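Here is the file target-v6.cif (mmCIF, C-alpha atoms (C1' of nucleotides)).
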```
data_final
#
loop_
_atom_site.label_atom_id
_atom_site.label_comp_id
_atom_site.auth_asym_id
_atom_site.auth_seq_id
_atom_site.Cartn_x
_atom_site.Cartn_y
_atom_site.Cartn_z
CA MET A 9 -18.73 14.69 -16.49
CA ALA A 10 -20.21 17.28 -14.16
CA ASP A 11 -19.38 16.08 -10.68
CA PRO A 12 -22.38 16.54 -8.43
CA PRO A 13 -20.93 18.76 -5.69
CA ARG A 14 -22.87 17.44 -2.74
CA GLU A 15 -23.36 19.33 0.48
CA ARG A 16 -21.12 18.02 3.22
CA ALA A 17 -22.76 16.32 6.16
CA ASP A 18 -21.58 18.82 8.77
CA ALA A 19 -22.68 21.68 6.58
CA ALA A 20 -26.15 20.21 6.23
CA ARG A 21 -26.37 19.60 9.96
CA ASN A 22 -25.39 23.16 10.76
CA ARG A 23 -27.73 24.63 8.19
CA ARG A 24 -30.61 22.77 9.77
CA ARG A 25 -29.54 23.86 13.25
CA VAL A 26 -29.32 27.49 12.22
CA LEU A 27 -32.72 27.52 10.56
CA GLU A 28 -34.34 25.89 13.57
CA ALA A 29 -32.65 28.30 15.97
CA ALA A 30 -33.64 31.28 13.85
CA ALA A 31 -37.24 30.16 13.58
CA LYS A 32 -37.41 29.69 17.33
CA LEU A 33 -35.87 33.04 18.23
CA PHE A 34 -37.93 34.91 15.65
CA ARG A 35 -41.07 33.33 17.04
CA GLU A 36 -40.14 34.19 20.61
CA GLN A 37 -38.76 37.68 20.23
CA GLY A 38 -39.81 39.01 16.85
CA VAL A 39 -37.61 39.14 13.80
CA GLU A 40 -36.15 42.59 14.25
CA ALA A 41 -35.10 42.02 17.84
CA VAL A 42 -32.93 39.01 17.13
CA SER A 43 -29.26 39.62 16.38
CA MET A 44 -27.13 37.38 14.23
CA ASP A 45 -24.96 36.77 17.30
CA ALA A 46 -27.98 35.42 19.10
CA VAL A 47 -28.87 33.09 16.24
CA ALA A 48 -25.32 31.76 16.10
CA ALA A 49 -25.26 31.20 19.86
CA GLU A 50 -28.65 29.50 19.92
CA ALA A 51 -27.64 27.26 17.04
CA GLY A 52 -24.34 26.40 18.72
CA VAL A 53 -22.43 27.62 15.71
CA GLY A 54 -19.80 30.29 15.10
CA LYS A 55 -20.60 33.62 13.49
CA GLY A 56 -18.36 32.84 10.58
CA THR A 57 -20.42 29.79 9.74
CA LEU A 58 -23.63 31.74 9.90
CA PHE A 59 -22.43 34.49 7.59
CA ARG A 60 -20.61 32.16 5.22
CA ARG A 61 -23.79 30.24 4.65
CA PHE A 62 -26.43 32.96 4.58
CA GLY A 63 -24.55 36.12 3.72
CA ASP A 64 -26.54 38.36 6.01
CA LYS A 65 -29.81 38.55 7.88
CA SER A 66 -31.65 39.07 4.64
CA GLY A 67 -30.31 35.78 3.33
CA LEU A 68 -31.18 33.95 6.51
CA VAL A 69 -34.74 35.18 6.41
CA ALA A 70 -34.99 34.42 2.72
CA ALA A 71 -34.03 30.84 3.46
CA LEU A 72 -36.83 30.64 6.00
CA LEU A 73 -39.32 32.03 3.50
CA ASP A 74 -38.15 29.78 0.73
CA ASP A 75 -40.92 27.20 0.99
CA LYS A 76 -43.83 29.63 1.10
CA GLU A 77 -42.38 31.64 -1.72
CA ARG A 78 -41.85 28.61 -3.89
CA GLU A 79 -45.41 27.53 -3.28
CA LEU A 80 -46.77 30.82 -4.60
CA GLN A 81 -44.48 30.58 -7.58
CA GLU A 82 -45.75 27.09 -8.33
CA ARG A 83 -49.33 28.28 -8.23
CA ILE A 84 -48.45 31.00 -10.69
CA LEU A 85 -46.59 28.72 -13.08
CA SER A 86 -48.89 25.74 -13.06
CA GLY A 87 -51.80 26.26 -10.71
CA PRO A 88 -55.43 26.85 -11.65
CA PRO A 89 -56.51 30.12 -13.23
CA PRO A 90 -56.88 32.99 -12.73
CA LEU A 91 -53.56 32.94 -10.85
CA GLY A 92 -52.15 30.18 -13.03
CA PRO A 93 -52.14 30.02 -16.82
CA GLY A 94 -55.44 30.08 -18.71
CA ALA A 95 -57.06 33.32 -17.66
CA SER A 96 -56.75 36.65 -19.42
CA PRO A 97 -53.65 38.72 -18.64
CA ALA A 98 -55.77 41.31 -16.87
CA ASP A 99 -57.35 38.70 -14.64
CA ARG A 100 -54.00 37.12 -13.95
CA VAL A 101 -52.51 40.43 -12.90
CA ARG A 102 -55.42 41.07 -10.56
CA ALA A 103 -55.08 37.57 -9.14
CA PHE A 104 -51.35 37.98 -8.68
CA VAL A 105 -51.70 41.26 -6.83
CA ALA A 106 -54.34 39.79 -4.54
CA SER A 107 -52.38 36.61 -3.85
CA TYR A 108 -49.13 38.43 -3.31
CA ALA A 109 -50.85 40.79 -0.90
CA ASP A 110 -52.07 37.80 1.09
CA TYR A 111 -48.60 36.33 1.15
CA LEU A 112 -47.30 39.71 2.29
CA PHE A 113 -49.81 40.11 5.09
CA ASP A 114 -49.01 36.62 6.33
CA HIS A 115 -45.25 37.11 6.50
CA LEU A 116 -44.89 40.83 6.83
CA ASP A 117 -42.17 40.83 9.48
CA LEU A 118 -39.97 38.30 7.75
CA LEU A 119 -40.40 39.96 4.39
CA ARG A 120 -39.64 43.39 5.74
CA VAL A 121 -36.37 42.23 7.22
CA SER A 122 -35.48 40.29 4.12
CA GLU A 123 -36.11 43.31 1.92
CA THR A 124 -34.37 45.90 4.05
CA ALA A 125 -31.46 44.06 5.69
CA SER A 126 -29.06 45.61 3.22
CA PRO A 127 -29.71 48.49 0.82
CA GLY A 128 -31.33 47.35 -2.39
CA ALA A 129 -31.74 43.83 -1.04
CA ARG A 130 -35.29 43.56 -2.31
CA TYR A 131 -34.29 44.11 -5.89
CA ARG A 132 -31.41 41.68 -5.85
CA ILE A 133 -33.26 38.67 -4.47
CA GLY A 134 -34.13 36.12 -7.11
CA SER A 135 -37.80 36.15 -6.25
CA TYR A 136 -38.15 39.84 -7.09
CA ARG A 137 -36.96 38.98 -10.56
CA PHE A 138 -39.59 36.29 -10.74
CA TRP A 139 -42.47 38.53 -9.73
CA HIS A 140 -41.25 41.25 -12.04
CA ARG A 141 -40.86 38.99 -15.04
CA HIS A 142 -44.28 37.49 -14.48
CA LEU A 143 -45.97 40.89 -14.33
CA ALA A 144 -43.97 42.31 -17.22
CA ILE A 145 -45.06 39.49 -19.52
CA LEU A 146 -48.72 39.88 -18.58
CA LEU A 147 -48.61 43.66 -18.89
CA ALA A 148 -46.94 43.48 -22.27
CA GLU A 149 -49.74 41.24 -23.46
CA ALA A 150 -52.52 43.33 -22.01
CA ARG A 151 -51.14 46.73 -22.89
CA PRO A 152 -49.11 46.45 -26.05
CA GLY A 153 -47.20 49.65 -26.62
CA ALA A 154 -46.78 50.45 -22.97
CA ASP A 155 -43.45 50.12 -21.16
CA ALA A 156 -44.36 46.84 -19.49
CA ASP A 157 -40.96 46.46 -17.88
CA TYR A 158 -41.21 49.73 -16.04
CA LEU A 159 -44.88 49.35 -15.18
CA ALA A 160 -44.17 45.97 -13.63
CA HIS A 161 -41.66 47.62 -11.31
CA ALA A 162 -44.15 50.36 -10.52
CA LEU A 163 -46.84 47.85 -9.65
CA LEU A 164 -44.45 46.01 -7.36
CA ALA A 165 -43.48 49.20 -5.55
CA PRO A 166 -46.59 49.39 -3.34
CA LEU A 167 -46.08 45.69 -2.60
CA ALA A 168 -42.80 46.37 -0.82
CA ALA A 169 -43.00 45.08 2.73
CA GLU A 170 -41.79 48.33 4.20
CA HIS A 171 -44.35 50.31 2.25
CA VAL A 172 -47.20 48.06 3.31
CA THR A 173 -46.01 48.14 6.91
CA ALA A 174 -46.08 51.91 6.93
CA VAL A 175 -49.47 52.12 5.25
CA LEU A 176 -50.98 49.58 7.62
CA ARG A 177 -50.51 52.08 10.41
CA GLU A 178 -53.28 54.15 8.80
CA CYS A 179 -55.28 51.76 6.64
CA ASP A 180 -56.39 48.25 7.54
CA ALA A 181 -55.53 45.26 5.40
CA ALA A 182 -58.85 45.28 3.57
CA ARG A 183 -58.34 48.85 2.39
CA VAL A 184 -54.84 48.06 1.24
CA ALA A 185 -56.04 45.03 -0.69
CA ALA A 186 -58.89 46.98 -2.24
CA GLY A 187 -56.61 49.86 -3.14
CA LEU A 188 -54.14 47.53 -4.79
CA ALA A 189 -56.96 46.05 -6.84
CA VAL A 190 -57.99 49.51 -7.98
CA LEU A 191 -54.42 50.24 -8.94
CA ALA A 192 -54.09 47.01 -10.91
CA ASP A 193 -57.37 47.71 -12.68
CA ALA A 194 -56.28 51.20 -13.58
CA LEU A 195 -53.08 49.91 -15.07
CA MET A 196 -54.76 47.18 -17.07
CA SER A 197 -57.29 49.38 -18.78
CA ASN A 198 -56.13 50.58 -22.18
CA ARG A 199 -56.90 54.24 -21.96
CA PRO A 200 -57.13 56.61 -24.92
CA MET B 11 -46.19 84.64 27.67
CA ALA B 12 -44.39 82.15 25.47
CA ASP B 13 -40.69 82.83 25.90
CA PRO B 14 -38.94 82.56 22.58
CA PRO B 15 -36.40 79.77 23.20
CA ARG B 16 -33.52 80.99 21.06
CA GLU B 17 -30.79 78.72 19.73
CA ARG B 18 -27.63 79.09 21.72
CA ALA B 19 -24.60 80.56 19.99
CA ASP B 20 -22.45 77.45 20.37
CA ALA B 21 -25.26 75.30 19.07
CA ALA B 22 -25.65 77.44 15.97
CA ARG B 23 -21.91 77.44 15.36
CA ASN B 24 -21.72 73.66 15.61
CA ARG B 25 -24.75 73.12 13.45
CA ARG B 26 -23.14 75.15 10.72
CA ARG B 27 -19.85 73.33 11.12
CA VAL B 28 -21.50 69.93 10.93
CA LEU B 29 -23.51 70.75 7.82
CA GLU B 30 -20.45 72.14 6.08
CA ALA B 31 -18.37 69.12 7.02
CA ALA B 32 -21.07 66.73 5.90
CA ALA B 33 -21.56 68.49 2.57
CA LYS B 34 -17.83 68.39 1.95
CA LEU B 35 -17.39 64.71 2.82
CA PHE B 36 -20.48 63.67 0.89
CA ARG B 37 -19.19 65.52 -2.13
CA GLU B 38 -15.75 63.96 -1.87
CA GLN B 39 -16.60 60.37 -0.98
CA GLY B 40 -20.27 59.81 -1.73
CA VAL B 41 -23.01 59.81 0.84
CA GLU B 42 -23.03 56.11 1.67
CA ALA B 43 -19.29 55.91 2.27
CA VAL B 44 -19.19 58.59 4.95
CA SER B 45 -19.61 57.48 8.56
CA MET B 46 -21.05 59.62 11.30
CA ASP B 47 -17.69 59.35 13.07
CA ALA B 48 -16.06 60.91 10.06
CA VAL B 49 -18.53 63.77 9.96
CA ALA B 50 -18.02 64.48 13.64
CA ALA B 51 -14.24 64.42 13.26
CA GLU B 52 -14.26 66.65 10.17
CA ALA B 53 -16.56 69.10 11.93
CA GLY B 54 -14.39 69.10 15.05
CA VAL B 55 -17.35 68.10 17.16
CA GLY B 56 -18.12 65.16 19.43
CA LYS B 57 -20.34 62.30 18.36
CA GLY B 58 -22.77 63.13 21.11
CA THR B 59 -23.30 66.57 19.65
CA LEU B 60 -23.86 65.21 16.19
CA PHE B 61 -26.45 62.69 17.29
CA ARG B 62 -28.15 64.99 19.76
CA ARG B 63 -28.75 67.49 17.02
CA PHE B 64 -29.59 65.33 14.03
CA GLY B 65 -30.79 62.07 15.51
CA ASP B 66 -29.17 59.86 12.90
CA LYS B 67 -27.76 59.95 9.40
CA SER B 68 -31.25 60.27 8.00
CA GLY B 69 -31.77 63.45 9.99
CA LEU B 70 -28.44 64.88 8.97
CA VAL B 71 -29.17 64.30 5.31
CA ALA B 72 -32.68 65.68 5.69
CA ALA B 73 -31.19 68.88 7.08
CA LEU B 74 -29.00 69.17 4.01
CA LEU B 75 -31.99 68.65 1.72
CA ASP B 76 -34.16 71.06 3.62
CA ASP B 77 -33.80 74.01 1.27
CA LYS B 78 -34.48 72.13 -1.94
CA GLU B 79 -37.42 70.36 -0.42
CA ARG B 80 -38.94 73.54 0.89
CA GLU B 81 -38.58 75.13 -2.50
CA LEU B 82 -40.61 72.37 -4.13
CA GLN B 83 -43.22 72.66 -1.41
CA GLU B 84 -43.48 76.39 -2.01
CA ARG B 85 -44.04 75.86 -5.70
CA ILE B 86 -46.83 73.43 -4.89
CA LEU B 87 -48.51 75.67 -2.37
CA SER B 88 -48.26 78.99 -4.15
CA GLY B 89 -46.40 78.64 -7.43
CA PRO B 90 -47.86 78.86 -10.93
CA PRO B 91 -50.12 76.09 -12.25
CA PRO B 92 -50.18 73.29 -13.11
CA LEU B 93 -47.93 72.48 -10.15
CA GLY B 94 -49.40 75.25 -8.03
CA PRO B 95 -53.08 75.99 -7.44
CA GLY B 96 -55.33 76.79 -10.38
CA ALA B 97 -55.06 73.77 -12.62
CA SER B 98 -57.35 70.74 -12.58
CA PRO B 99 -56.57 68.06 -10.00
CA ALA B 100 -55.55 65.65 -12.73
CA ASP B 101 -53.10 68.13 -14.19
CA ARG B 102 -51.74 68.96 -10.77
CA VAL B 103 -51.13 65.31 -9.98
CA ARG B 104 -49.31 64.86 -13.26
CA ALA B 105 -47.26 67.98 -12.61
CA PHE B 106 -46.42 66.84 -9.10
CA VAL B 107 -45.24 63.44 -10.22
CA ALA B 108 -43.07 64.98 -12.91
CA SER B 109 -41.60 67.62 -10.61
CA TYR B 110 -41.00 65.19 -7.80
CA ALA B 111 -39.27 62.83 -10.20
CA ASP B 112 -36.94 65.66 -11.23
CA TYR B 113 -36.20 66.45 -7.61
CA LEU B 114 -35.53 62.76 -7.04
CA PHE B 115 -33.17 62.39 -9.98
CA ASP B 116 -31.24 65.46 -8.86
CA HIS B 117 -30.70 64.29 -5.29
CA LEU B 118 -30.99 60.55 -5.53
CA ASP B 119 -28.08 59.67 -3.27
CA LEU B 120 -29.05 62.01 -0.48
CA LEU B 121 -32.69 60.98 -0.65
CA ARG B 122 -31.89 57.31 -0.63
CA VAL B 123 -29.84 57.62 2.51
CA SER B 124 -32.41 59.83 4.14
CA GLU B 125 -35.17 57.35 3.40
CA THR B 126 -33.33 54.19 4.39
CA ALA B 127 -31.05 55.21 7.26
CA SER B 128 -33.47 53.67 9.73
CA PRO B 129 -36.39 51.35 9.02
CA GLY B 130 -39.53 53.23 8.08
CA ALA B 131 -37.62 56.52 8.02
CA ARG B 132 -39.23 57.60 4.78
CA TYR B 133 -42.72 57.46 6.21
CA ARG B 134 -41.90 59.30 9.38
CA ILE B 135 -40.24 62.33 7.82
CA GLY B 136 -42.48 65.37 7.77
CA SER B 137 -42.08 65.85 4.06
CA TYR B 138 -43.61 62.46 3.25
CA ARG B 139 -46.69 63.62 5.09
CA PHE B 140 -46.69 66.72 2.99
CA TRP B 141 -46.48 64.92 -0.36
CA HIS B 142 -49.07 62.40 0.76
CA ARG B 143 -51.54 64.99 1.92
CA HIS B 144 -51.17 66.97 -1.26
CA LEU B 145 -51.81 63.94 -3.44
CA ALA B 146 -54.64 62.66 -1.30
CA ILE B 147 -56.52 65.93 -1.58
CA LEU B 148 -56.11 66.06 -5.34
CA LEU B 149 -57.08 62.43 -5.78
CA ALA B 150 -60.15 62.81 -3.62
CA GLU B 151 -61.25 65.67 -5.82
CA ALA B 152 -60.54 63.92 -9.10
CA ARG B 153 -61.85 60.49 -8.14
CA PRO B 154 -64.64 60.88 -5.64
CA GLY B 155 -65.52 57.51 -4.17
CA ALA B 156 -62.02 56.10 -4.43
CA ASP B 157 -59.81 55.57 -1.39
CA ALA B 158 -57.72 58.66 -2.02
CA ASP B 159 -55.66 58.18 1.10
CA TYR B 160 -54.47 54.77 0.08
CA LEU B 161 -54.02 55.65 -3.56
CA ALA B 162 -51.80 58.57 -2.58
CA HIS B 163 -49.54 56.17 -0.73
CA ALA B 164 -49.55 53.82 -3.69
CA LEU B 165 -48.59 56.61 -6.07
CA LEU B 166 -45.73 57.62 -3.79
CA ALA B 167 -44.40 54.06 -3.61
CA PRO B 168 -42.65 54.08 -6.99
CA LEU B 169 -41.23 57.49 -6.05
CA ALA B 170 -39.20 55.99 -3.22
CA ALA B 171 -35.53 56.72 -3.73
CA GLU B 172 -34.51 53.12 -3.29
CA HIS B 173 -37.08 51.95 -5.81
CA VAL B 174 -36.00 54.48 -8.39
CA THR B 175 -32.35 53.64 -7.77
CA ALA B 176 -33.02 49.98 -8.43
CA VAL B 177 -35.10 50.63 -11.52
CA LEU B 178 -32.51 53.01 -12.96
CA ARG B 179 -30.16 50.07 -13.30
CA GLU B 180 -32.45 48.77 -16.08
CA CYS B 181 -34.38 51.79 -17.35
CA ASP B 182 -33.00 55.26 -18.03
CA ALA B 183 -34.48 58.34 -16.40
CA ALA B 184 -36.65 59.20 -19.39
CA ARG B 185 -38.39 55.82 -19.26
CA VAL B 186 -38.94 56.14 -15.54
CA ALA B 187 -40.44 59.60 -15.96
CA ALA B 188 -42.65 58.44 -18.83
CA GLY B 189 -43.76 55.38 -16.90
CA LEU B 190 -44.65 57.47 -13.89
CA ALA B 191 -46.73 59.72 -16.10
CA VAL B 192 -48.60 56.71 -17.48
CA LEU B 193 -49.23 55.51 -13.95
CA ALA B 194 -50.53 58.88 -12.84
CA ASP B 195 -52.79 59.07 -15.88
CA ALA B 196 -54.16 55.61 -15.22
CA LEU B 197 -54.98 56.53 -11.66
CA MET B 198 -56.67 59.78 -12.58
CA SER B 199 -59.02 58.34 -15.13
CA ASN B 200 -62.42 57.50 -13.67
CA ARG B 201 -62.96 54.05 -14.98
CA PRO B 202 -66.33 52.25 -15.14
"C1'" DC C 19 -7.25 2.36 5.56
"C1'" DA C 20 -4.00 6.13 5.04
"C1'" DA C 21 -3.17 10.12 2.48
"C1'" DT C 22 -4.90 14.09 0.14
"C1'" DT C 23 -7.56 17.95 -0.59
"C1'" DA C 24 -11.27 20.90 -0.70
"C1'" DA C 25 -14.75 22.66 2.13
"C1'" DC C 26 -16.29 23.95 6.41
"C1'" DT C 27 -15.73 25.89 11.10
"C1'" DG C 28 -15.57 29.26 14.87
"C1'" DG C 29 -14.09 32.95 17.38
"C1'" DA C 30 -11.07 36.89 17.51
"C1'" DC C 31 -11.10 41.23 15.16
"C1'" DT C 32 -12.56 45.70 12.90
"C1'" DA C 33 -15.62 49.35 12.10
"C1'" DC C 34 -19.73 51.68 12.82
"C1'" DA C 35 -24.25 53.31 15.02
"C1'" DG C 36 -26.05 55.10 18.74
"C1'" DT C 37 -26.20 56.03 24.08
"C1'" DC C 38 -24.78 58.00 28.44
"C1'" DC C 39 -23.34 61.10 31.60
"C1'" DG C 40 -19.89 64.12 33.89
"C1'" DT C 41 -18.16 68.62 32.33
"C1'" DT C 42 -18.38 73.04 30.05
"C1'" DT C 43 -20.64 76.97 27.99
"C1'" DT C 44 -24.14 80.24 27.38
"C1'" DC C 45 -27.27 83.66 28.77
"C1'" DG C 46 -30.79 85.86 31.55
"C1'" DT C 47 -31.05 88.07 36.08
"C1'" DG C 48 -29.96 90.75 40.27
"C1'" DC D 18 -20.16 91.66 36.78
"C1'" DA D 19 -21.15 87.54 39.36
"C1'" DC D 20 -24.23 83.83 39.73
"C1'" DG D 21 -27.19 79.90 38.78
"C1'" DA D 22 -30.06 77.23 35.85
"C1'" DA D 23 -30.62 75.30 31.49
"C1'" DA D 24 -28.69 73.84 27.49
"C1'" DA D 25 -25.13 71.91 24.89
"C1'" DC D 26 -20.80 69.47 24.65
"C1'" DG D 27 -17.74 65.44 23.71
"C1'" DG D 28 -15.63 61.25 24.21
"C1'" DA D 29 -15.72 56.88 26.51
"C1'" DC D 30 -18.74 52.97 26.28
"C1'" DT D 31 -21.95 49.27 24.54
"C1'" DG D 32 -23.83 46.27 21.18
"C1'" DT D 33 -24.08 44.62 16.42
"C1'" DA D 34 -22.84 43.58 11.53
"C1'" DG D 35 -19.72 41.58 8.95
"C1'" DT D 36 -14.64 39.91 7.87
"C1'" DC D 37 -10.71 36.91 8.17
"C1'" DC D 38 -7.91 33.08 8.58
"C1'" DA D 39 -5.62 29.29 11.03
"C1'" DG D 40 -7.22 25.01 12.37
"C1'" DT D 41 -10.52 21.06 11.71
"C1'" DT D 42 -13.30 17.71 9.35
"C1'" DA D 43 -15.59 15.21 5.79
"C1'" DA D 44 -15.37 13.06 1.35
"C1'" DT D 45 -12.29 10.86 -2.25
"C1'" DT D 46 -8.85 8.09 -4.13
"C1'" DG D 47 -5.39 4.54 -4.65
#
```

Could you rewrite the structure in this file as structure tokens?
Amino acid sequence: MADPPRERADAARNRRRVLEAAAKLFREQGVEAVSMDAVAAEAGVGKGTLFRRFGDKSGLVAALLDDKERELQERILSGPPPLGPGASPADRVRAFVASYADYLFDHLDLLRVSETASPGARYRIGSYRFWHRHLAILLAEARPGADADYLAHALLAPLAAEHVTAVLRECDAARVAAGLAVLADALMSNRP
Amino acid sequence: MADPPRERADAARNRRRVLEAAAKLFREQGVEAVSMDAVAAEAGVGKGTLFRRFGDKSGLVAALLDDKERELQERILSGPPPLGPGASPADRVRAFVASYADYLFDHLDLLRVSETASPGARYRIGSYRFWHRHLAILLAEARPGADADYLAHALLAPLAAEHVTAVLRECDAARVAAGLAVLADALMSNRP
DNA sequence: CAATTAACTGGACTACAGTCCGTTTTCGTG
DNA sequence: CACGAAAACGGACTGTAGTCCAGTTAATTG
């Protein structure tokens, strides 16, 4: 019934070429310095192809991050506690914030570009929805009565790549991680 | 000794023209839709002049916001408590978050452009420094031992115009304001 | 294996941000 | 008022993001 719409061979070939070219240029020159023109040229592909496939730079970078991101999501959905299921909501929130911060520190440049390439990009990407949903469920469980949906957004705000980049100019990574933990703790405690 | 370097008459005239033109176009077409070319044309001024004076769109918008921003800063520095001096640090933080949120809701479009025109713009503007410093001082007083500097950044993160814009697509302003209050409360409570 | 068709391709094209630099204007000084 | 330096002007110029569409190519079908 549902025909499986397979990816055409040339399309697959070009996708691979583009991702390899992008990875190479980003490694050599830094993510921000590389233009889409340059990626297309290095990949031996027209601009139209590049944009048709990835939408914009944010999409291209997101494709490069896909594996790492999926791995973190797997650990959340079915990995060992406290990040995975089994621990208390409070512990899982703390574990998420810590793990996400690690992920962020490791891929700060890519994430910053992916989140800021177009206005509001961060909040439209599928993965933001994932992180938000995960936190909202845990917060609702840990703090019944609170506006878990909003608080999840608020807790993700200081995890924005651009925010962390700016803060890292004054505070080192350890302070940021510790501060985030304090913030998570504060939010998880049911205050009078 | 220090010669007072006055602003030249033509410079003043053009500055006024540009700000009037920008205000008009922003009002008519929305901030995002107006190009710098259009502002220069409407003002009857060359692009070079526009960029020399305001740097980029972020700077132009910041100039338009200047009055409102200064007013809020005045109220913080010397207005009545709890926003101004005299109230407890916790109350002043709460009052700041509420007042800043109002300011944000009132000028969301301008602020979003001003914060996102160039990468990291938000954190370079002088006013960010002001808000941060204010919060850091209050937090240090209310939570001795905590990393007030980092926590001030973290509390400003969900007050980013782009963040609020994105969240407003799901939560109305009242929920955002209430959520911010909860967040501020959580941060001010000295937990075990 | 030829015909069909849907998807993919690539580069010319538009619009915008931001720079550069030769020219013009202002304003203090003699 | 004339002059010269400093400041400001403005528009041509460069580089980039993103669009568009006429031509090409891969899969499918009889």

Counting all atoms listed in the file, which residues of chain A fall within 12 Å of chain D, and what is the closest atom pair for each with its distance in Å at one decimal, ordered by chain and rising number, as CSV?
```
residue,atom,partner,partner_atom,distance
A:Pro13,CA,D:DA44,C1',10.6
A:Arg14,CA,D:DA44,C1',9.6
A:Glu15,CA,D:DA44,C1',10.2
A:Arg16,CA,D:DA43,C1',6.7
A:Ala17,CA,D:DA43,C1',7.3
A:Asp18,CA,D:DA43,C1',7.6
A:Ala19,CA,D:DA43,C1',9.6
A:Ala20,CA,D:DA43,C1',11.7
A:Ala41,CA,D:DT33,C1',11.4
A:Val42,CA,D:DT33,C1',10.5
A:Ser43,CA,D:DT33,C1',7.2
A:Met44,CA,D:DA34,C1',8.0
A:Asp45,CA,D:DT33,C1',7.9
A:Ala46,CA,D:DT33,C1',10.3
A:Lys55,CA,D:DG35,C1',9.2
A:Gly56,CA,D:DT36,C1',8.4
A:Thr57,CA,D:DT36,C1',11.8
A:Leu58,CA,D:DG35,C1',10.6
A:Phe59,CA,D:DG35,C1',7.7
A:Arg60,CA,D:DT36,C1',10.1
A:Phe62,CA,D:DG35,C1',11.8
A:Gly63,CA,D:DG35,C1',9.0
A:Asp64,CA,D:DG35,C1',8.1
A:Lys65,CA,D:DA34,C1',9.3
A:Ala125,CA,D:DA34,C1',10.4
A:Ser126,CA,D:DA34,C1',10.6
```

Mind dumping a table of every chain A residue within 7 Å of chain B, with the nearest atom pair and its distance in Å to one decimal, using all atoms listed in the file, sorted by chain and rising number, as CSV?
```
residue,atom,partner,partner_atom,distance
A:Gly128,CA,B:Glu172,CA,6.6
A:Tyr131,CA,B:Ala176,CA,6.5
A:Asp155,CA,B:Gly189,CA,6.8
A:Tyr158,CA,B:Gly189,CA,6.3
A:Leu159,CA,B:Gly189,CA,6.4
A:Ala162,CA,B:Pro168,CA,5.3
A:Ala165,CA,B:Pro168,CA,5.2
A:Pro166,CA,B:Ala167,CA,5.2
A:Glu170,CA,B:Gly130,CA,6.6
A:His171,CA,B:Ala167,CA,7.0
A:Ala174,CA,B:Tyr133,CA,6.5
A:Val184,CA,B:Tyr160,CA,6.8
A:Gly187,CA,B:Tyr160,CA,6.2
A:Leu191,CA,B:Leu197,CA,6.9
A:Ala194,CA,B:Ala196,CA,5.2
A:Leu195,CA,B:Ala196,CA,5.8
```

Listing only residues of chain C within 10 Å of chain B, what is the closest atom pair and its distance in Å (to one decimal) for each, using only C-alpha atoms (C1' of nucleotides), sorted by chain and residue number ascending, as a Markdown table?
```
| residue | atom | partner | partner_atom | distance |
| --- | --- | --- | --- | --- |
| C:DA33 | C1' | B:Ser45 | CA | 9.7 |
| C:DC34 | C1' | B:Ser45 | CA | 7.2 |
| C:DA35 | C1' | B:Met46 | CA | 8.0 |
| C:DG36 | C1' | B:Phe61 | CA | 7.7 |
| C:DT37 | C1' | B:Gly58 | CA | 8.4 |
| C:DC38 | C1' | B:Gly58 | CA | 9.2 |
| C:DT43 | C1' | B:Asp20 | CA | 7.8 |
| C:DT44 | C1' | B:Arg18 | CA | 6.7 |
| C:DC45 | C1' | B:Arg18 | CA | 8.4 |
```

Atom CA of Tyr113 of chain B and atom CA of Glu30 of chain B, how far apart in Å?
21.6 Å

Interatomic distance between atom CA of Ala150 of chain B and atom CA of Pro99 of chain B?
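Between atom CA of Ala150 of chain B and atom CA of Pro99 of chain B the gap is 9.0 Å.
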
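From atom CA of Arg78 of chain A back to atom CA of Ala31 of chain A, the distance works out to 18.1 Å.
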
Translate the PyMOL selection byres ((chain A and resi 84) around 12), as applied to the file shown, into an explicit residue set as number ranges by chain.
A: 77-83, 85-95, 100-101, 103-105, 107-108, 138-139, 141-143, 146

Evaluating the PyMOL selection byres ((chain B and resi 121) around 9) on the displayed file yields which residues, as a compact mmCIF listing (two decimals) with C-alpha atoms, keeping the file's coordinate frame?
```txt
# COMPACT_ATOMS: atom_id res chain seq x y z
CA SER B 68 -31.25 60.27 8.00
CA VAL B 71 -29.17 64.30 5.31
CA ALA B 72 -32.68 65.68 5.69
CA LEU B 75 -31.99 68.65 1.72
CA LEU B 114 -35.53 62.76 -7.04
CA HIS B 117 -30.70 64.29 -5.29
CA LEU B 118 -30.99 60.55 -5.53
CA ASP B 119 -28.08 59.67 -3.27
CA LEU B 120 -29.05 62.01 -0.48
CA ARG B 122 -31.89 57.31 -0.63
CA VAL B 123 -29.84 57.62 2.51
CA SER B 124 -32.41 59.83 4.14
CA GLU B 125 -35.17 57.35 3.40
CA THR B 126 -33.33 54.19 4.39
CA ALA B 170 -39.20 55.99 -3.22
CA ALA B 171 -35.53 56.72 -3.73
CA GLU B 172 -34.51 53.12 -3.29
```

Just give me the residues with any atom within 8 Å of (-13.9, 26.5, 13.5), file coordinates, counting all atoms listed in the file, written as a VMD selection string.
(chain A and resid 54) or (chain C and resid 26 to 29) or (chain D and resid 40 to 41)
